[in-house]
Number of protein chains: 2
Amino acid sequence: MTYITHEALLDMDSRYRARLINSLSGYKSANLIGSINEQGQTNLAIFSSVIHLGASPALVGFIMRPSSVERHTLENIQQTKQYTINQVGKHFWQAAHQTSARYERNECEFEKVGLTAQFIDNRSAPFVKESQLKYAVTLKEILPIALNETLFIIGEITDIICEENVIQPDGYIDIESLGTVTASGLDSYHLTHRLSRLSYAKPSTSTIELNVAGSTQHG
Amino acid sequence: MTYITHEALLDMDSRYRARLINSLSGYKSANLIGSINEQGQTNLAIFSSVIHLGASPALVGFIMRPSSVERHTLENIQQTKQYTINQVGKHFWQAAHQTSARYERNECEFEKVGLTAQFIDNRSAPFVKESQLKYAVTLKEILPIALNETLFIIGEITDIICEENVIQPDGYIDIESLGTVTASGLDSYHLTHRLSRLSYAKPSTSTIELNVAGSTQHG
């Protein structure tokens, strides 16, 4: 095994360290966040930091670097309190990555990367039409992380739009069958294949492998 | 497409909603967090909320539910300020899942699930010997999320232990070749296969596919 000390870490070239440290957390979610400002200018940006926070209330969070290309997204969310989160799928992952380019404020990422803005009646922010699992979010709280001047953006999930037939009888959504991609490091994208679902763990018994519908394999 | 309104979401059976909402963020990291209390009792628990926060300083975060089985981990981290994060691999993902069972404080999860505690000289918290990519973390900040009474635990990465030959020339770690697994929903585990790495996105040019070493495919 290779052993990297804290001292070696601090001495590393900054771009090398960025790629290394970005690989440590494991696989990341890949999502496009859609927003709009009060003038009707849309924005779309890829994020690999979206995480589940809780189901009741239904909360989702993500990390934002205010000094980066993400600043247009931040300004829009602060103005309107509305945004959408759209899972990145296997048919448009390269276009999704391209949204991380530093476009001007008046340039439309949807148009530039070849994705389609989709609007629903009661929500202002644009969805990504090509995404097979997406939802509208209302801003609830912005927690500043002073340690590195990032922001933790927390919102409540309101409307969900999902491909039919992938929601299982117990509520689990088969995102693998949707072709949802996962990311690693700063720039690597991956498809998945399921090992198994597992039964709820209890101290006294071994877990059992479940099929995608949440039933025992032979049940 | 299926459309789920906010009203329908609020009316759902709570376990069904938990599985549904847990599927929305996309793929999750799968990590074991190792800790120890001042009496030398170790603890090991699986988390699917570990996320990258920044490379300089090297920060990593995760979400904790203080009322759950995660409370032993929290108490240990508060006592010692030290913990380890260990990527879950394809050879022990079922054992990793089993750590989520509600064991007593004096029961050793390592022993119960069949994993091996590993210690290094200058750090108190136990690593998982079976993990091929793991690191020691020092607690920096605990941010309370009042909206659902969870905690966002932030730490600085110090020592990294990694399988040889998977760190690429540019710093990217090939976690796919390590057999690192990813999770979806509450209980599904997946292996991956790489679509590609992509070049840094610029407004004026298309991104280029890179090989795992970060070079152009024909370069």
# chains A, B, ... in the order shown; residues from 1 in each chain; ligands from 1
call {"tool": "residues_around", "arguments": {"residues": "Thr2 (chain A)", "least_positions_apart": "4", "cutoff": "10 Å", "atoms": "only C-alpha atoms", "output": "list in words"}}
result
Gln132, Leu133, Ile160, Ile161, Cys162, Glu163, Glu164, Asn165, Val166 and Ile167 of chain B
call {"tool": "write_last_selection", "arguments": {"atoms": "N, CA and C atoms", "output": "compact mmCIF listing (two decimals), in the first residue's frame"}}
result
# COMPACT_ATOMS: atom_id res chain seq x y z
N GLN B 132 -9.23 -0.67 0.34
CA GLN B 132 -8.04 -0.39 -0.48
C GLN B 132 -7.79 1.10 -0.66
N LEU B 133 -8.67 1.93 -0.09
CA LEU B 133 -8.45 3.39 -0.12
C LEU B 133 -9.10 3.98 1.12
N ILE B 160 -3.25 9.38 4.14
CA ILE B 160 -3.97 8.59 3.14
C ILE B 160 -3.26 7.25 2.93
N ILE B 161 -4.03 6.17 2.91
CA ILE B 161 -3.47 4.85 2.62
C ILE B 161 -4.20 4.31 1.40
N CYS B 162 -3.45 3.96 0.37
CA CYS B 162 -4.06 3.60 -0.91
C CYS B 162 -3.30 2.47 -1.57
N GLU B 163 -4.03 1.57 -2.19
CA GLU B 163 -3.43 0.52 -3.01
C GLU B 163 -2.44 1.14 -4.00
N GLU B 164 -1.33 0.51 -4.21
CA GLU B 164 -0.35 1.02 -5.17
C GLU B 164 -0.88 0.92 -6.61
N ASN B 165 -0.32 1.68 -7.49
CA ASN B 165 -0.59 1.59 -8.94
C ASN B 165 -1.94 2.13 -9.39
N VAL B 166 -2.76 2.65 -8.49
CA VAL B 166 -4.06 3.18 -8.93
C VAL B 166 -4.05 4.71 -8.96
N ILE B 167 -3.00 5.34 -8.39
CA ILE B 167 -2.89 6.80 -8.47
C ILE B 167 -2.29 7.13 -9.85
call {"tool": "closest_atom_pairs", "arguments": {"of": "region 156-203 of chain A", "to": "region 99-122 of chain B", "cutoff": "8 Å", "atoms": "only C-alpha atoms", "output": "Markdown table"}}
result
| residue | atom | partner | partner_atom | distance |
| --- | --- | --- | --- | --- |
| A:Tyr200 | CA | B:Ala101 | CA | 7.9 |
| A:Ala201 | CA | B:Ala101 | CA | 4.7 |
| A:Lys202 | CA | B:Ala101 | CA | 4.5 |
| A:Pro203 | CA | B:Ala101 | CA | 5.2 |
call {"tool": "residues_around", "arguments": {"residues": "Ser67 (chain B)", "least_positions_apart": "3", "cutoff": "10 Å", "atoms": "only C-alpha atoms", "output": "list in words"}}
result
Met64, Glu70, Arg71, His72, Glu149 and Thr150 of chain B
call {"tool": "closest_atom_pairs", "arguments": {"of": "region 81-120 of chain A", "to": "region 6-27 of chain B", "cutoff": "10 Å", "atoms": "only C-alpha atoms", "output": "Markdown table"}}
result
| residue | atom | partner | partner_atom | distance |
| --- | --- | --- | --- | --- |
| A:Ile85 | CA | B:Ser25 | CA | 8.3 |
| A:Asn86 | CA | B:Ser25 | CA | 9.0 |
| A:Gln87 | CA | B:Gly26 | CA | 6.5 |
| A:Val88 | CA | B:Gly26 | CA | 8.7 |
call {"tool": "atom_distance", "arguments": {"atom1": "CA of Ala136 (chain B)", "atom2": "CA of Thr5 (chain A)"}}
result
9.9 Å
call {"tool": "select_by_dssp", "arguments": {"residues": "chain B", "states": "helix (DSSP H, G or I)", "output": "count of residues only"}}
result
36
call {"tool": "residues_around", "arguments": {"residues": "Asn76 (chain B)", "least_positions_apart": "2", "cutoff": "8 Å", "atoms": "only C-alpha atoms", "output": "list in words"}}
result
Ser35, Ile36, Asn37, Glu38, His72, Thr73, Leu74, Gln78, Gln79, Thr80 and Lys81 of chain B
call {"tool": "atom_distance", "arguments": {"atom1": "CA of Val69 (chain B)", "atom2": "CA of Ala55 (chain A)"}}
result
17.4 Å
call {"tool": "atom_distance", "arguments": {"atom1": "CA of Pro144 (chain B)", "atom2": "CA of Leu143 (chain A)"}}
result
9.4 Å
call {"tool": "select_by_dssp", "arguments": {"residues": "region 1-158 of chain A", "states": "strand (DSSP E)", "output": "number ranges by chain"}}
result
A: 2-4, 28-29, 31-36, 42-47, 51-55, 58-64, 82-87, 117-118, 127-128, 133-145, 150-158
call {"tool": "closest_residue", "arguments": {"among": "B:Lys28, B:Met1, B:Ser48, B:Gly155", "to": "Thr192 (chain A)", "atoms": "only C-alpha atoms"}}
result
B:Lys28
call {"tool": "residues_around", "arguments": {"residues": "Ser215 (chain B)", "least_positions_apart": "4", "cutoff": "10 Å", "atoms": "only C-alpha atoms", "output": "PyMOL selection string"}}
result
chain B and resi 169-170+197-199+208-211+219
call {"tool": "write_last_selection", "arguments": {"atoms": "all heavy atoms", "output": "PDB file, in the first residue's frame"}}
result
ATOM      1  N   PRO B 169      -0.898   9.492 -13.155  1.00  0.00           N
ATOM      2  CA  PRO B 169       0.171  10.506 -13.197  1.00  0.00           C
ATOM      3  C   PRO B 169      -0.312  11.911 -12.829  1.00  0.00           C
ATOM      4  O   PRO B 169       0.462  12.727 -12.345  1.00  0.00           O
ATOM      5  CB  PRO B 169       0.629  10.462 -14.665  1.00  0.00           C
ATOM      6  CG  PRO B 169       0.254   9.103 -15.152  1.00  0.00           C
ATOM      7  CD  PRO B 169      -0.969   8.702 -14.404  1.00  0.00           C
ATOM      8  N   ASP B 170      -1.595  12.197 -13.050  1.00  0.00           N
ATOM      9  CA  ASP B 170      -2.098  13.549 -12.754  1.00  0.00           C
ATOM     10  C   ASP B 170      -2.784  13.651 -11.398  1.00  0.00           C
ATOM     11  O   ASP B 170      -3.361  14.685 -11.068  1.00  0.00           O
ATOM     12  CB  ASP B 170      -3.035  14.028 -13.872  1.00  0.00           C
ATOM     13  CG  ASP B 170      -4.329  13.219 -13.957  1.00  0.00           C
ATOM     14  OD1 ASP B 170      -4.456  12.194 -13.243  1.00  0.00           O
ATOM     15  OD2 ASP B 170      -5.220  13.615 -14.726  1.00  0.00           O
ATOM     16  N   ARG B 197     -13.048   9.583 -18.896  1.00  0.00           N
ATOM     17  CA  ARG B 197     -12.725  10.869 -18.304  1.00  0.00           C
ATOM     18  C   ARG B 197     -12.890  11.915 -19.414  1.00  0.00           C
ATOM     19  O   ARG B 197     -12.776  11.606 -20.589  1.00  0.00           O
ATOM     20  CB  ARG B 197     -11.278  10.904 -17.770  1.00  0.00           C
ATOM     21  CG  ARG B 197     -11.058  10.001 -16.569  1.00  0.00           C
ATOM     22  CD  ARG B 197      -9.640  10.133 -16.006  1.00  0.00           C
ATOM     23  NE  ARG B 197      -9.394  11.466 -15.469  1.00  0.00           N
ATOM     24  CZ  ARG B 197      -8.203  11.897 -15.030  1.00  0.00           C
ATOM     25  NH1 ARG B 197      -7.147  11.098 -15.103  1.00  0.00           N
ATOM     26  NH2 ARG B 197      -8.059  13.113 -14.553  1.00  0.00           N
ATOM     27  N   LEU B 198     -13.185  13.154 -19.025  1.00  0.00           N
ATOM     28  CA  LEU B 198     -13.367  14.230 -20.002  1.00  0.00           C
ATOM     29  C   LEU B 198     -12.413  15.375 -19.708  1.00  0.00           C
ATOM     30  O   LEU B 198     -12.098  15.659 -18.547  1.00  0.00           O
ATOM     31  CB  LEU B 198     -14.812  14.758 -19.954  1.00  0.00           C
ATOM     32  CG  LEU B 198     -15.929  13.813 -20.440  1.00  0.00           C
ATOM     33  CD1 LEU B 198     -17.284  14.495 -20.314  1.00  0.00           C
ATOM     34  CD2 LEU B 198     -15.688  13.375 -21.880  1.00  0.00           C
ATOM     35  N   SER B 199     -11.970  16.042 -20.762  1.00  0.00           N
ATOM     36  CA  SER B 199     -11.090  17.196 -20.592  1.00  0.00           C
ATOM     37  C   SER B 199     -11.842  18.345 -19.923  1.00  0.00           C
ATOM     38  O   SER B 199     -13.070  18.379 -19.918  1.00  0.00           O
ATOM     39  CB  SER B 199     -10.546  17.640 -21.948  1.00  0.00           C
ATOM     40  OG  SER B 199     -11.618  17.990 -22.802  1.00  0.00           O
ATOM     41  N   ILE B 208     -13.017  16.652 -24.771  1.00  0.00           N
ATOM     42  CA  ILE B 208     -12.372  15.508 -25.416  1.00  0.00           C
ATOM     43  C   ILE B 208     -12.359  14.362 -24.410  1.00  0.00           C
ATOM     44  O   ILE B 208     -12.155  14.580 -23.211  1.00  0.00           O
ATOM     45  CB  ILE B 208     -10.925  15.882 -25.811  1.00  0.00           C
ATOM     46  CG1 ILE B 208     -10.938  17.013 -26.839  1.00  0.00           C
ATOM     47  CG2 ILE B 208     -10.174  14.673 -26.358  1.00  0.00           C
ATOM     48  CD1 ILE B 208      -9.585  17.677 -27.013  1.00  0.00           C
ATOM     49  N   GLU B 209     -12.575  13.150 -24.897  1.00  0.00           N
ATOM     50  CA  GLU B 209     -12.490  11.991 -24.010  1.00  0.00           C
ATOM     51  C   GLU B 209     -11.033  11.681 -23.687  1.00  0.00           C
ATOM     52  O   GLU B 209     -10.172  11.704 -24.560  1.00  0.00           O
ATOM     53  CB  GLU B 209     -13.175  10.774 -24.646  1.00  0.00           C
ATOM     54  CG  GLU B 209     -14.669  11.028 -24.859  1.00  0.00           C
ATOM     55  CD  GLU B 209     -15.490   9.757 -25.015  1.00  0.00           C
ATOM     56  OE1 GLU B 209     -14.904   8.661 -25.097  1.00  0.00           O
ATOM     57  OE2 GLU B 209     -16.728   9.881 -25.043  1.00  0.00           O
ATOM     58  N   LEU B 210     -10.777  11.409 -22.421  1.00  0.00           N
ATOM     59  CA  LEU B 210      -9.425  11.097 -21.950  1.00  0.00           C
ATOM     60  C   LEU B 210      -9.398   9.655 -21.463  1.00  0.00           C
ATOM     61  O   LEU B 210     -10.415   9.124 -21.013  1.00  0.00           O
ATOM     62  CB  LEU B 210      -9.052  12.019 -20.780  1.00  0.00           C
ATOM     63  CG  LEU B 210      -9.167  13.523 -21.004  1.00  0.00           C
ATOM     64  CD1 LEU B 210      -8.844  14.267 -19.714  1.00  0.00           C
ATOM     65  CD2 LEU B 210      -8.237  13.969 -22.127  1.00  0.00           C
ATOM     66  N   ASN B 211      -8.240   9.034 -21.504  1.00  0.00           N
ATOM     67  CA  ASN B 211      -8.137   7.708 -20.899  1.00  0.00           C
ATOM     68  C   ASN B 211      -7.989   7.857 -19.383  1.00  0.00           C
ATOM     69  O   ASN B 211      -7.969   8.974 -18.860  1.00  0.00           O
ATOM     70  CB  ASN B 211      -6.998   6.895 -21.539  1.00  0.00           C
ATOM     71  CG  ASN B 211      -5.639   7.531 -21.295  1.00  0.00           C
ATOM     72  OD1 ASN B 211      -5.466   8.298 -20.356  1.00  0.00           O
ATOM     73  ND2 ASN B 211      -4.683   7.196 -22.141  1.00  0.00           N
ATOM     74  N   GLY B 219      -3.286   9.810 -27.516  1.00  0.00           N
ATOM     75  CA  GLY B 219      -2.079  10.561 -27.158  1.00  0.00           C
ATOM     76  C   GLY B 219      -1.074   9.695 -26.429  1.00  0.00           C
ATOM     77  O   GLY B 219      -1.346   8.564 -26.096  1.00  0.00           O
TER      78      GLY B 219
END
call {"tool": "closest_residue", "arguments": {"among": "A:Leu32, A:Leu178, A:Val50, A:Ala125", "to": "chain B", "atoms": "only C-alpha atoms"}}
result
A:Val50
call {"tool": "residues_around", "arguments": {"residues": "Phe47 (chain B)", "least_positions_apart": "3", "cutoff": "8 Å", "atoms": "only C-alpha atoms", "output": "ChimeraX atom specification"}}
result
/B:29-33,50,62
call {"tool": "residues_around", "arguments": {"residues": "Leu147 (chain A)", "least_positions_apart": "4", "cutoff": "12 Å", "atoms": "only C-alpha atoms", "output": "MDAnalysis selection string"}}
result
(chainID A and resid 143 151) or (chainID B and resid 53:61 139:143 154:156)
call {"tool": "closest_residue", "arguments": {"among": "A:Arg123, A:His91, A:Arg194, A:Arg65", "to": "chain B", "atoms": "only C-alpha atoms"}}
result
A:Arg194
